[in-house]
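Here's model.pdb, which has PDB, C-alpha atoms:
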MODEL        1
ATOM      1  CA  MET P  21     -17.794  -4.159 -13.936
ATOM      2  CA  ALA P  22     -20.027  -1.229 -14.851
ATOM      3  CA  VAL P  23     -19.236   2.427 -15.458
ATOM      4  CA  LYS P  24     -21.116   5.028 -13.421
ATOM      5  CA  SER P  25     -22.067   8.500 -14.629
ATOM      6  CA  PHE P  26     -23.619  11.400 -12.720
ATOM      7  CA  ARG P  27     -26.287  14.034 -13.090
ATOM      8  CA  PRO P  28     -24.646  17.269 -14.315
ATOM      9  CA  LEU P  29     -25.005  19.220 -11.078
ATOM     10  CA  THR P  30     -21.637  20.848 -11.827
ATOM     11  CA  PRO P  31     -20.023  21.602 -15.200
ATOM     12  CA  SER P  32     -17.389  18.879 -14.792
ATOM     13  CA  GLY P  33     -19.896  16.348 -13.516
ATOM     14  CA  ARG P  34     -21.495  16.281 -16.957
ATOM     15  CA  TYR P  35     -18.561  14.287 -18.354
ATOM     16  CA  VAL P  36     -17.103  12.392 -15.386
ATOM     17  CA  THR P  37     -17.462   8.612 -15.385
ATOM     18  CA  ILE P  38     -16.002   6.270 -12.785
ATOM     19  CA  ALA P  39     -15.791   2.526 -12.222
ATOM     20  CA  SER P  40     -18.479   0.978 -10.041
ATOM     21  CA  PHE P  41     -15.963  -1.223  -8.174
ATOM     22  CA  ASP P  42     -18.644  -3.920  -7.797
ATOM     23  CA  GLU P  43     -16.061  -6.697  -8.011
ATOM     24  CA  ILE P  44     -13.915  -5.339  -5.143
ATOM     25  CA  THR P  45     -14.280  -7.501  -2.025
ATOM     26  CA  LYS P  46     -11.491  -6.093   0.179
ATOM     27  CA  THR P  47     -10.736  -2.391   0.567
ATOM     28  CA  LYS P  48      -7.434  -2.453   2.467
ATOM     29  CA  PRO P  49      -4.334  -4.140   1.015
ATOM     30  CA  GLU P  50      -2.424  -7.006   2.619
ATOM     31  CA  ARG P  51       0.153  -5.307   4.831
ATOM     32  CA  SER P  52       2.865  -7.880   4.174
ATOM     33  CA  LEU P  53       2.589  -7.329   0.409
ATOM     34  CA  ILE P  54       2.898  -3.537   0.162
ATOM     35  CA  GLU P  55       5.729  -1.039   0.231
ATOM     36  CA  ILE P  56       5.877   2.752   0.229
ATOM     37  CA  ARG P  57       6.090   4.444  -3.144
ATOM     38  CA  LYS P  58       8.255   7.547  -3.020
ATOM     39  CA  LYS P  59       7.380  10.376  -5.362
ATOM     40  CA  THR P  60      10.070  12.085  -7.442
ATOM     41  CA  GLY P  61       8.190  15.074  -8.835
ATOM     42  CA  GLY P  62       9.983  14.400 -12.111
ATOM     43  CA  ARG P  63      13.394  15.130 -10.549
ATOM     44  CA  ASN P  64      16.470  12.921 -10.759
ATOM     45  CA  ALA P  65      19.036  12.215  -8.012
ATOM     46  CA  TYR P  66      20.564  15.683  -8.538
ATOM     47  CA  GLY P  67      17.230  17.443  -8.066
ATOM     48  CA  ARG P  68      17.018  18.440 -11.725
ATOM     49  CA  MET P  69      13.722  18.097 -13.560
ATOM     50  CA  THR P  70      14.031  15.350 -16.174
ATOM     51  CA  SER P  71      10.310  14.634 -16.741
ATOM     52  CA  ARG P  72       7.824  17.473 -17.022
ATOM     53  CA  GLY P  73       4.217  17.341 -15.876
ATOM     54  CA  ILE P  74       4.832  15.158 -12.815
ATOM     55  CA  GLY P  75       4.029  16.143  -9.244
ATOM     56  CA  GLY P  76       1.478  16.053  -6.461
ATOM     57  CA  GLY P  77      -1.211  13.424  -6.472
ATOM     58  CA  ALA P  78      -2.677  11.160  -3.830
ATOM     59  CA  LYS P  79      -0.460   8.894  -1.758
ATOM     60  CA  GLN P  80      -0.180   5.368  -3.125
ATOM     61  CA  LYS P  81       1.180   2.080  -1.811
ATOM     62  CA  HIS P  82       2.977  -0.256  -4.182
ATOM     63  CA  ARG P  83       1.484  -3.766  -4.224
ATOM     64  CA  LEU P  84       4.053  -6.544  -4.663
ATOM     65  CA  VAL P  85       2.557  -8.635  -7.467
ATOM     66  CA  ASP P  86       3.888 -12.156  -8.044
ATOM     67  CA  PHE P  87       4.858 -12.463 -11.716
ATOM     68  CA  LYS P  88       6.918 -15.646 -11.137
ATOM     69  CA  ARG P  89       4.195 -18.078 -10.189
ATOM     70  CA  GLN P  90       6.214 -21.112 -11.320
ATOM     71  CA  ARG P  91       8.087 -20.942  -8.012
ATOM     72  CA  LYS P  92       4.893 -22.316  -6.395
ATOM     73  CA  ALA P  93       4.363 -25.012  -9.020
ATOM     74  CA  GLY P  94       2.039 -27.787  -7.948
ATOM     75  CA  ILE P  95       0.741 -25.953  -4.847
ATOM     76  CA  GLU P  96      -2.942 -25.096  -4.973
ATOM     77  CA  ALA P  97      -4.032 -21.614  -3.952
ATOM     78  CA  LYS P  98      -7.409 -20.169  -3.107
ATOM     79  CA  VAL P  99      -8.626 -16.715  -4.153
ATOM     80  CA  VAL P 100      -9.237 -14.820  -0.913
ATOM     81  CA  ALA P 101     -10.167 -11.373  -2.267
ATOM     82  CA  ILE P 102     -10.320  -9.124  -5.326
ATOM     83  CA  GLU P 103      -8.633  -5.770  -4.659
ATOM     84  CA  TYR P 104      -8.050  -2.402  -6.277
ATOM     85  CA  ASP P 105      -4.541  -1.355  -7.285
ATOM     86  CA  PRO P 106      -3.952   2.407  -7.692
ATOM     87  CA  LEU P 107      -0.831   1.863  -9.823
ATOM     88  CA  ARG P 108      -2.297  -0.360 -12.553
ATOM     89  CA  THR P 109      -5.458  -0.560 -14.634
ATOM     90  CA  SER P 110      -6.271  -4.160 -13.754
ATOM     91  CA  ARG P 111      -7.577  -5.546 -10.479
ATOM     92  CA  LEU P 112      -5.547  -7.800  -8.189
ATOM     93  CA  ALA P 113      -6.494 -11.182  -6.788
ATOM     94  CA  LEU P 114      -5.141 -12.100  -3.364
ATOM     95  CA  LEU P 115      -4.134 -15.760  -3.226
ATOM     96  CA  GLU P 116      -3.553 -17.892  -0.170
ATOM     97  CA  TYR P 117      -1.563 -21.086  -0.770
ATOM     98  CA  LYS P 118      -1.998 -24.284   1.204
ATOM     99  CA  ASP P 119       1.359 -23.666   2.883
ATOM    100  CA  GLY P 120       0.021 -20.355   4.268
ATOM    101  CA  GLU P 121       1.850 -17.950   1.934
ATOM    102  CA  LYS P 122      -0.116 -15.096   0.395
ATOM    103  CA  ALA P 123       0.536 -13.435  -2.964
ATOM    104  CA  TYR P 124      -1.018 -10.982  -5.392
ATOM    105  CA  ILE P 125      -1.685 -11.808  -9.048
ATOM    106  CA  VAL P 126      -3.319  -9.830 -11.843
ATOM    107  CA  ALA P 127      -6.993 -10.809 -11.682
ATOM    108  CA  PRO P 128      -8.329 -12.333 -14.927
ATOM    109  CA  ASN P 129     -11.896 -11.764 -16.055
ATOM    110  CA  GLY P 130     -14.280 -14.214 -14.387
ATOM    111  CA  LEU P 131     -12.062 -15.100 -11.422
ATOM    112  CA  SER P 132     -14.093 -14.960  -8.223
ATOM    113  CA  VAL P 133     -13.464 -15.379  -4.506
ATOM    114  CA  GLY P 134     -13.196 -19.014  -3.460
ATOM    115  CA  THR P 135     -11.837 -20.241  -6.796
ATOM    116  CA  ALA P 136      -8.854 -22.600  -6.671
ATOM    117  CA  VAL P 137      -5.901 -21.819  -8.955
ATOM    118  CA  MET P 138      -2.572 -23.505  -9.578
ATOM    119  CA  SER P 139       0.650 -23.046 -11.501
ATOM    120  CA  GLY P 140       3.062 -25.521 -13.029
ATOM    121  CA  PRO P 141       3.208 -27.960 -15.964
ATOM    122  CA  ASP P 142       0.602 -30.242 -14.344
ATOM    123  CA  ALA P 143      -2.038 -27.493 -13.928
ATOM    124  CA  LEU P 144      -5.140 -27.609 -16.116
ATOM    125  CA  PRO P 145      -5.720 -24.863 -18.755
ATOM    126  CA  GLU P 146      -8.378 -23.109 -16.685
ATOM    127  CA  ILE P 147      -8.897 -19.416 -15.862
ATOM    128  CA  GLY P 148      -6.266 -18.139 -13.449
ATOM    129  CA  ASN P 149      -3.854 -21.065 -13.836
ATOM    130  CA  SER P 150      -0.270 -20.341 -14.929
ATOM    131  CA  ILE P 151       1.215 -23.031 -17.172
ATOM    132  CA  PRO P 152       3.919 -23.300 -19.863
ATOM    133  CA  LEU P 153       2.962 -22.178 -23.368
ATOM    134  CA  LYS P 154       3.577 -25.683 -24.749
ATOM    135  CA  SER P 155       0.714 -26.961 -22.564
ATOM    136  CA  ILE P 156      -1.817 -24.308 -23.633
ATOM    137  CA  PRO P 157      -4.345 -25.319 -26.348
ATOM    138  CA  VAL P 158      -4.346 -23.320 -29.586
ATOM    139  CA  GLY P 159      -6.803 -20.409 -29.642
ATOM    140  CA  LEU P 160      -7.114 -20.036 -25.868
ATOM    141  CA  PRO P 161      -6.902 -16.425 -24.518
ATOM    142  CA  ILE P 162      -3.856 -15.838 -22.314
ATOM    143  CA  HIS P 163      -2.149 -12.984 -20.459
ATOM    144  CA  ASN P 164       0.865 -12.403 -18.181
ATOM    145  CA  ILE P 165       3.266 -13.845 -20.758
ATOM    146  CA  GLU P 166       6.954 -14.436 -20.130
ATOM    147  CA  LEU P 167       9.507 -13.589 -22.813
ATOM    148  CA  ILE P 168      12.484 -15.227 -21.085
ATOM    149  CA  PRO P 169      11.926 -18.498 -19.179
ATOM    150  CA  GLY P 170      12.080 -17.892 -15.431
ATOM    151  CA  LYS P 171      12.230 -14.091 -15.640
ATOM    152  CA  GLY P 172       8.552 -13.554 -14.873
ATOM    153  CA  SER P 173       5.690 -12.292 -17.009
ATOM    154  CA  GLN P 174       6.361  -9.055 -18.873
ATOM    155  CA  ILE P 175       3.624  -8.447 -21.455
ATOM    156  CA  VAL P 176      -0.202  -8.458 -21.747
ATOM    157  CA  ARG P 177      -0.931  -7.216 -18.220
ATOM    158  CA  SER P 178      -3.230  -4.209 -18.832
ATOM    159  CA  ALA P 179      -6.965  -4.192 -18.151
ATOM    160  CA  GLY P 180      -9.058  -6.005 -20.755
ATOM    161  CA  THR P 181      -6.120  -7.306 -22.799
ATOM    162  CA  SER P 182      -5.479 -10.872 -23.933
ATOM    163  CA  ALA P 183      -3.271 -12.696 -26.414
ATOM    164  CA  SER P 184      -3.870 -16.021 -28.128
ATOM    165  CA  VAL P 185      -1.792 -19.060 -29.028
ATOM    166  CA  MET P 186      -1.711 -19.550 -32.806
ATOM    167  CA  SER P 187       0.587 -22.533 -33.388
ATOM    168  CA  LYS P 188       3.535 -24.481 -31.978
ATOM    169  CA  ASP P 189       6.673 -25.490 -33.860
ATOM    170  CA  GLY P 190      10.351 -26.171 -33.192
ATOM    171  CA  GLY P 191      10.424 -25.292 -29.511
ATOM    172  CA  TYR P 192       8.573 -21.993 -30.068
ATOM    173  CA  VAL P 193       4.954 -20.925 -29.794
ATOM    174  CA  LEU P 194       3.433 -18.285 -32.085
ATOM    175  CA  VAL P 195       1.472 -15.774 -30.018
ATOM    176  CA  ARG P 196      -0.808 -13.047 -31.378
ATOM    177  CA  LEU P 197      -0.502 -10.024 -29.082
ATOM    178  CA  PRO P 198      -3.267  -7.434 -28.457
ATOM    179  CA  SER P 199      -1.507  -4.984 -30.819
ATOM    180  CA  GLY P 200      -1.813  -7.472 -33.697
ATOM    181  CA  GLU P 201       1.876  -8.355 -33.590
ATOM    182  CA  ILE P 202       2.688 -12.039 -34.054
ATOM    183  CA  ARG P 203       5.689 -13.115 -32.044
ATOM    184  CA  LYS P 204       7.666 -16.291 -31.374
ATOM    185  CA  VAL P 205       8.021 -17.149 -27.696
ATOM    186  CA  LYS P 206       9.903 -20.101 -26.239
ATOM    187  CA  GLU P 207       7.574 -22.942 -25.306
ATOM    188  CA  ASP P 208       8.981 -23.110 -21.764
ATOM    189  CA  CYS P 209       7.758 -19.595 -20.974
ATOM    190  CA  TYR P 210       4.761 -19.369 -18.657
ATOM    191  CA  ALA P 211       1.461 -17.613 -19.310
ATOM    192  CA  THR P 212      -1.809 -17.296 -17.401
ATOM    193  CA  ILE P 213      -5.105 -18.509 -18.846
ATOM    194  CA  GLY P 214      -7.858 -15.952 -19.473
ATOM    195  CA  GLN P 215      -8.358 -12.287 -20.264
ATOM    196  CA  VAL P 216      -7.253  -9.562 -17.853
ATOM    197  CA  GLY P 217     -10.225  -8.251 -15.885
ATOM    198  CA  ASN P 218     -11.624  -4.724 -15.518
ATOM    199  CA  THR P 219     -12.588  -4.756 -19.203
ATOM    200  CA  GLU P 220     -14.587  -1.513 -18.934
ATOM    201  CA  HIS P 221     -11.524   0.536 -18.004
ATOM    202  CA  GLU P 222     -11.240   1.988 -21.512
ATOM    203  CA  ASN P 223     -14.707   3.565 -21.139
ATOM    204  CA  ILE P 224     -13.777   5.654 -18.084
ATOM    205  CA  VAL P 225     -13.595   9.419 -18.733
ATOM    206  CA  LEU P 226     -11.685  11.610 -16.288
ATOM    207  CA  GLY P 227     -13.931  14.547 -17.131
ATOM    208  CA  LYS P 228     -12.024  17.248 -15.257
ATOM    209  CA  ALA P 229      -8.481  18.444 -14.641
ATOM    210  CA  GLY P 230      -8.641  17.619 -10.943
ATOM    211  CA  ARG P 231      -8.779  13.888 -11.556
ATOM    212  CA  SER P 232      -5.515  14.127 -13.496
ATOM    213  CA  ARG P 233      -3.954  16.034 -10.610
ATOM    214  CA  HIS P 234      -5.065  13.263  -8.250
ATOM    215  CA  ARG P 235      -3.008  10.904 -10.408
ATOM    216  CA  GLY P 236       0.091  13.073 -10.120
ATOM    217  CA  ILE P 237      -0.254  14.507 -13.638
ATOM    218  CA  ARG P 238       0.278  18.266 -13.818
ATOM    219  CA  GLY P 239      -0.723  20.548 -16.665
ATOM    220  CA  LYS P 240       1.741  21.624 -19.349
ATOM    221  CA  THR P 241       1.929  25.021 -21.029
ATOM    222  CA  ARG P 242       1.570  24.935 -24.812
ATOM    223  CA  ALA P 243       4.797  25.603 -26.660
ATOM    224  CA  VAL P 244       3.378  28.368 -28.875
ATOM    225  CA  ALA P 245       2.173  30.209 -25.756
ATOM    226  CA  LYS P 246       5.719  30.556 -24.387
ATOM    227  CA  ASN P 247       8.383  33.147 -25.023
ATOM    228  CA  PRO P 248      11.231  32.456 -27.490
ATOM    229  CA  VAL P 249      13.675  32.188 -24.587
ATOM    230  CA  ASP P 250      11.665  29.266 -23.167
ATOM    231  CA  HIS P 251      10.854  27.241 -26.278
ATOM    232  CA  PRO P 252      11.882  27.146 -29.966
ATOM    233  CA  MET P 253       8.226  27.393 -30.976
ATOM    234  CA  GLY P 254       7.448  30.334 -28.687
ATOM    235  CA  GLY P 255       7.048  34.040 -29.422
ATOM    236  CA  GLY P 256       5.625  35.893 -32.392
ATOM    237  CA  GLN P 257       3.130  38.693 -32.792
ATOM    238  CA  GLY P 258      -0.297  37.544 -31.743
ATOM    239  CA  LYS P 259      -1.207  33.879 -31.930
ATOM    240  CA  THR P 260       1.169  32.129 -34.277
ATOM    241  CA  ALA P 261       1.292  28.390 -34.754
ATOM    242  CA  GLY P 262       3.170  26.425 -37.369
ATOM    243  CA  GLY P 263       5.927  27.626 -39.603
ATOM    244  CA  GLY P 264       8.030  24.584 -38.836
ATOM    245  CA  HIS P 265       7.929  21.034 -37.676
ATOM    246  CA  PRO P 266       6.961  20.624 -33.995
ATOM    247  CA  VAL P 267       9.993  20.231 -31.758
ATOM    248  CA  THR P 268      10.729  19.625 -28.084
ATOM    249  CA  PRO P 269      12.038  22.431 -25.839
ATOM    250  CA  TRP P 270      15.538  21.247 -26.803
ATOM    251  CA  GLY P 271      14.919  21.379 -30.543
ATOM    252  CA  VAL P 272      14.471  17.641 -31.206
ATOM    253  CA  ILE P 273      11.852  16.852 -33.832
ATOM    254  CA  THR P 274       8.698  15.302 -32.393
ATOM    255  CA  LYS P 275       5.359  13.991 -33.713
ATOM    256  CA  GLY P 276       6.243  11.185 -36.080
ATOM    257  CA  TYR P 277       9.819  10.834 -34.922
ATOM    258  CA  LYS P 278      10.362   7.075 -34.525
ATOM    259  CA  THR P 279      11.854   6.177 -31.166
ATOM    260  CA  ARG P 280      12.147   2.391 -31.505
ATOM    261  CA  ALA P 281      15.648   1.146 -32.243
ATOM    262  CA  THR P 282      16.022   0.040 -35.872
ATOM    263  CA  ARG P 283      18.161  -2.941 -34.886
ATOM    264  CA  LYS P 284      17.159  -5.025 -31.901
ATOM    265  CA  ARG P 285      18.186  -8.569 -31.048
ATOM    266  CA  SER P 286      14.550  -9.423 -30.388
ATOM    267  CA  ASP P 287      13.520  -8.553 -33.968
ATOM    268  CA  ARG P 288      14.148 -12.138 -35.031
ATOM    269  CA  PHE P 289      11.254 -13.271 -32.827
ATOM    270  CA  ILE P 290       8.736 -10.916 -34.488
ATOM    271  CA  LEU P 291       7.063 -12.408 -37.563
ATOM    272  CA  VAL P 292       4.318  -9.820 -38.197
ATOM    273  CA  ARG P 293       4.482  -6.249 -36.945
ATOM    274  CA  ARG P 294       1.600  -4.497 -35.252
ATOM    275  CA  ASP P 295       0.716  -2.676 -38.486
ATOM    276  CA  GLY P 296       0.233  -6.011 -40.268
ATOM    277  CA  ARG P 297       3.423  -5.946 -42.315
ATOM    278  CA  PRO P 298       5.951  -8.799 -42.121
ATOM    279  CA  MET P 299       9.060  -8.034 -40.079
ATOM    280  CA  LYS P 300      12.223  -7.534 -42.129
ATOM    281  CA  ILE P 301      15.376  -8.700 -40.352
ATOM    282  CA  ARG P 302      18.334  -6.482 -41.142
TER     283      ARG P 302
ENDMDL
END

Is it possible to express this structure as structure tokens?
Amino acid sequence: MAVKSFRPLTPSGRYVTIASFDEITKTKPERSLIEIRKKTGGRNAYGRMTSRGIGGGAKQKHRLVDFKRQRKAGIEAKVVAIEYDPLRTSRLALLEYKDGEKAYIVAPNGLSVGTAVMSGPDALPEIGNSIPLKSIPVGLPIHNIELIPGKGSQIVRSAGTSASVMSKDGGYVLVRLPSGEIRKVKEDCYATIGQVGNTEHENIVLGKAGRSRHRGIRGKTRAVAKNPVDHPMGGGQGKTAGGGHPVTPWGVITKGYKTRATRKRSDRFILVRRDGRPMKIR
């Protein structure tokens, strides 16, 4: 996939870059595999705003992606099309199984129309195949990794990401994640071979505010530009910034405030944290 830029005929056009969509082979989604996505505008069931900066945007249909491919173990499928998904960074591959069922999967890099893929313990470690971690050779790039056997893949699903199998021991497989974290995963968990496609996604520049609005992202007023009644950091004569640690509109310290729970049951599966330090189990 390439990234397209434009001649600066308008001020915003100087910075805008978009995907070329060369790999897309089908423009309309499979009707049996979509559902309507209702917008909330950041409001909860009571109509109260709980998330700021949400609203508007283009209409989107939710594609039903199959993250539990082991249910079709041993049945060969053929890649019918590569499609765009407005709700995720990666592309989708439309599969058609020999029994006639169709399903979406996250398209790995290098998967093309007409390729045969399979899932299950008997599948070969080839691009697009979903097999248990215990059957994957060491050093091979993988994605769509399960954390609990049978639950479906949960991690390494974004565009251009991949993890790798480091070693196998005692019913667990050591996996190096894209963040650098090294984690133990049960050997019966499934993963898909290959790197997630659309690798150039990180090079795309929105370039103008309108493209954020198309995504349903609204602008936010700076805290220091508000009145004291609206924000703890508002008010003051002239332009004043600083004088205290940044806080949310409700006075909770932000920027550097750690949000991850200090004690999690899953900590015992993490050997090396994403910052390179060994995990200390409390």

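Closest approach to Arg89 of chain P among P:Glu50, P:Glu166, P:Glu220, P:Glu43 is made by P:Glu166 (distances from only C-alpha atoms).
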
Output of the PyMOL selection byres ((chain P and resi 238) around 7), listed as a ChimeraX atom specification | /P:73-75,233,236-237,239-240

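Of the residues listed (P:Asn149, P:Thr60, P:Ser286, P:Ser182), P:Ser286 shows the shortest atom-to-atom separation from Leu167 of chain P; distances use all atoms listed in the file.
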
Met299 of chain P: which residues within 10 Å, counting only C-alpha atoms, same-chain residues fewer than 2 positions away excluded, as a PyMOL selection string?
-> chain P and resi 201-202+287-294+296-297+301-302

If you keep C-alpha atoms, can you produce a file of those selected residues as a compact mmCIF listing (two decimals), in the coordinates of the input?
# COMPACT_ATOMS: atom_id res chain seq x y z
CA GLU P 201 1.88 -8.36 -33.59
CA ILE P 202 2.69 -12.04 -34.05
CA ASP P 287 13.52 -8.55 -33.97
CA ARG P 288 14.15 -12.14 -35.03
CA PHE P 289 11.25 -13.27 -32.83
CA ILE P 290 8.74 -10.92 -34.49
CA LEU P 291 7.06 -12.41 -37.56
CA VAL P 292 4.32 -9.82 -38.20
CA ARG P 293 4.48 -6.25 -36.94
CA ARG P 294 1.60 -4.50 -35.25
CA GLY P 296 0.23 -6.01 -40.27
CA ARG P 297 3.42 -5.95 -42.32
CA ILE P 301 15.38 -8.70 -40.35
CA ARG P 302 18.33 -6.48 -41.14

Evaluating the PyMOL selection byres ((chain P and resi 129) around 12) on the displayed file yields which residues, as a PyMOL selection string?
-> chain P and resi 21+43+102+110-113+126-128+130-132+146-148+161-163+178-182+212-220

Between atom CA of Ser52 of chain P and atom CA of Val85 of chain P, distance in Å (one decimal) = 11.7 Å

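Residues with any atom within 9 Å of Lys92 of chain P, counting all atoms listed in the file and excluding same-chain neighbours fewer than 2 positions away, are Lys88, Arg89, Gln90, Gly94, Ile95, Glu96, Tyr117, Met138, Ser139 and Gly140 of chain P.
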
Report as an MDAnalysis selection string the residues that result from applying the PyMOL selection byres ((chain P and resi 39) around 8) to the structure here.
-> chainID P and resid 21:24 37:38 40:41 220:221 224

Have a look at P:Leu107, P:Ala143, P:Ala65, P:Leu114 and name the one nearest to Leu53 of chain P; count all atoms listed in the file.
-> P:Leu114

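Separating atom CA of Val158 of chain P from atom CA of Asp86 of chain P is a distance of 25.6 Å.
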
Select from segment 211-253 of chain P every residue with an atom at most 10 Å from any atom of segment 271-276 of chain P, then for each give the shortest pair of atoms and their distance in Å to one decimal, using all atoms listed in the file, rows by chain and rising number, as CSV.
residue,atom,partner,partner_atom,distance
P:His251,CA,P:Gly271,CA,8.3
P:Pro252,CA,P:Gly271,CA,6.5
P:Met253,CA,P:Gly271,CA,9.0

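Interatomic distance, atom CA of Pro31 of chain P to atom CA of Lys228 of chain P: 9.1 Å.
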
Return as lines of an AutoDock Vina configuration file the centre and edge lengths, in Å with one decimal, of the box along x, y and z that encloses every atom of segment 281-296 of chain P in the file, padded by 6 Å per side.
center_x = 9.2
center_y = -6.1
center_z = -35.3
size_x = 30.0
size_y = 26.4
size_z = 21.9

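Proximity to Tyr124 of chain P was assessed for P:Ala93, P:Leu160, P:Val205, P:Ala101 counting all atoms listed in the file; the smallest distance is recorded for P:Ala101.
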
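Each of P:Ala78, P:Val185, P:Ile56, P:Met69 was compared to His234 of chain P using all atoms listed in the file, and P:Ala78 turns out to be the nearest.
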
Between P:Val225, P:Leu153, P:Arg231, P:Gly120, which is the closest to Val195 of chain P once you count only C-alpha atoms?
-> P:Leu153
